[in-house]
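A.B. asks: A single structure is presented below for examination.
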Protein chains: 2
Amino acid sequence: LDSASRHWLVEYHGCDPAILNDRDRVRLLLREAAEAAGATVVAEVFHPYAPHGVTGVIVIEESHLSVHTWPEYGYAASDFFTCGDCRPELAHQVLSQGFAARRVERMVVGRGLRGAGASLSVQEHVREPSAD
Amino acid sequence: LDSASRHWLVEYHGCDPAILNDRDRVRLLLREAAEAAGATVVAEVFHPYAPHGVTGVIVIEESHLSVHTWPEYGYAASDFFTCGDCRPELAHQVLSQGFAARRVERMVVGRGLRGAGASLSVQEHVREPSAD
C-alpha cells in the first residue's frame, strides 16, 4: 500500500434533493464513482438518516470514499481518500453530475509519508463556479 | 442532523507497529474513540490490508470515523467527521494514546453550511510536539 495518499474533501451545493434522499441512488452513484476512480471495493455501508439524508462509505483497497447528504439543503459532503493509482477526480465527476450539483467546493490535502512538513498540506482549494 | 460539521484530519507518527497491525485492537480503539466522542455508532467495517495494515470505518449518526494504518512505517491516518455535540478531540486522545504515537499532526476543517466562504476552512493546523 502506497503511504503517500491524496485526500479530496468535496462539498456539493445546489443538488437535487430527491437524489440526495434516495439511499439506493446514492449507493449506485458512490459505487460508480469508485469504479470510475479505478478503486477496488472491499466493503460498503449505507445508512439513512432520520428524517432526511444518507450516509455512505465504501472501503476500498486504496483507503475509502464517503458521502453524507443533507437533502433539505441540497448539500452533500464527500471524501475520497486514496493512494496509489486511483483517480479521485473521476469519482468527483460522477458525483457532481449524479447529484446535479450547481456549485462545488473542493480541497485536496496531501497525507502520509511525504517528507517533513509535506503532510496535511493543502494542495488545491477550488470553488466552481468561482465567485463573481 | 446539524449541517455545520467539523472534520478532523489526523496523522499519527512513531506508533507501535504491532498495535497498528492488529485488526481487533484497532477495532476496539476506534470503538472506544467513538464512545469517548459521544457518537452513536450505526455500523462498522474493518479490513486487513495485504501484507500489512488495517482499514477501519465506523459510521455514526453524526457522520463517520475512519482509520488507515501502515505498521511498516509506524503511521496511521484518521478522520473524525462529526456534527452536533460530538467531541472529536476525545476520539483523538484515545487513538493517540492507544497507538502510542510519538508525533501527531492534525488539521481541523470546517464543513457544511456555515455561510459564504466559511466551508472547507482550515480552522486549526497543529504539529505536536512542534518542530524545534
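FYI, nothing fancy with the C-alpha cells labels: chains A, B, ... in order, residues from 1 per chain, ligands from 1 as they appear.
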What are the residues of chain B that have an atom within 7 Å of an atom of chain A, counting only C-alpha atoms, as a list in words?

C.D. replies: Thr55, Ser63 and His68 of chain B

A.B. asks: Any chance you can output those residues with N, CA and C atoms as a compact mmCIF listing (two decimals), in the first residue's frame?

C.D. replies:
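Dumped everything to out-v5.txt:
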# COMPACT_ATOMS: atom_id res chain seq x y z
N THR B 55 -7.67 -1.13 7.69
CA THR B 55 -8.57 -0.02 7.43
C THR B 55 -9.81 -0.21 8.28
N SER B 63 -22.05 11.25 11.35
CA SER B 63 -21.18 11.17 10.17
C SER B 63 -20.26 9.95 10.22
N HIS B 68 -6.72 4.41 8.80
CA HIS B 68 -5.91 3.56 7.92
C HIS B 68 -4.54 3.46 8.57

A.B. asks: Show which residues sit within 10 Å of Arg102 in chain A, as an MDAnalysis selection string. Count only C-alpha atoms, and ignore same-chain residues fewer than 3 positions away.

C.D. replies: chainID A and resid 12:16 74 96:97 99 128:129

A.B. asks: In Å, rounded to a single decimal, give me how far CA of Asp24 in chain A is from CA of Glu89 in chain A.

C.D. replies: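 If I compute the distance from CA of Glu89 in chain A to CA of Asp24 in chain A, I get 22.7 Å.
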
A.B. asks: Can you tell me, as a ChimeraX atom specification, which residues in chain A count as strand (DSSP E) by DSSP?

C.D. replies: /A:4-13,41-48,54-60,63-70,75-83,103-112,121-128

A.B. asks: So how many Å separate CA of Ala91 in chain A and CA of Arg25 in chain A, to one decimal?

C.D. replies: 15.2 Å

A.B. asks: Please give the complete set of residues from chain A that DSSP, run on the backbone, assigns to helix (DSSP H, G or I), formatted as a ChimeraX atom specification.

C.D. replies: /A:17-20,23-37,71-73,88-98

A.B. asks: Please indicate the distance in Å from CA of Ala36 in chain B to CA of Ala100 in chain B, rounded to one decimal place.

C.D. replies: 17.4 Å
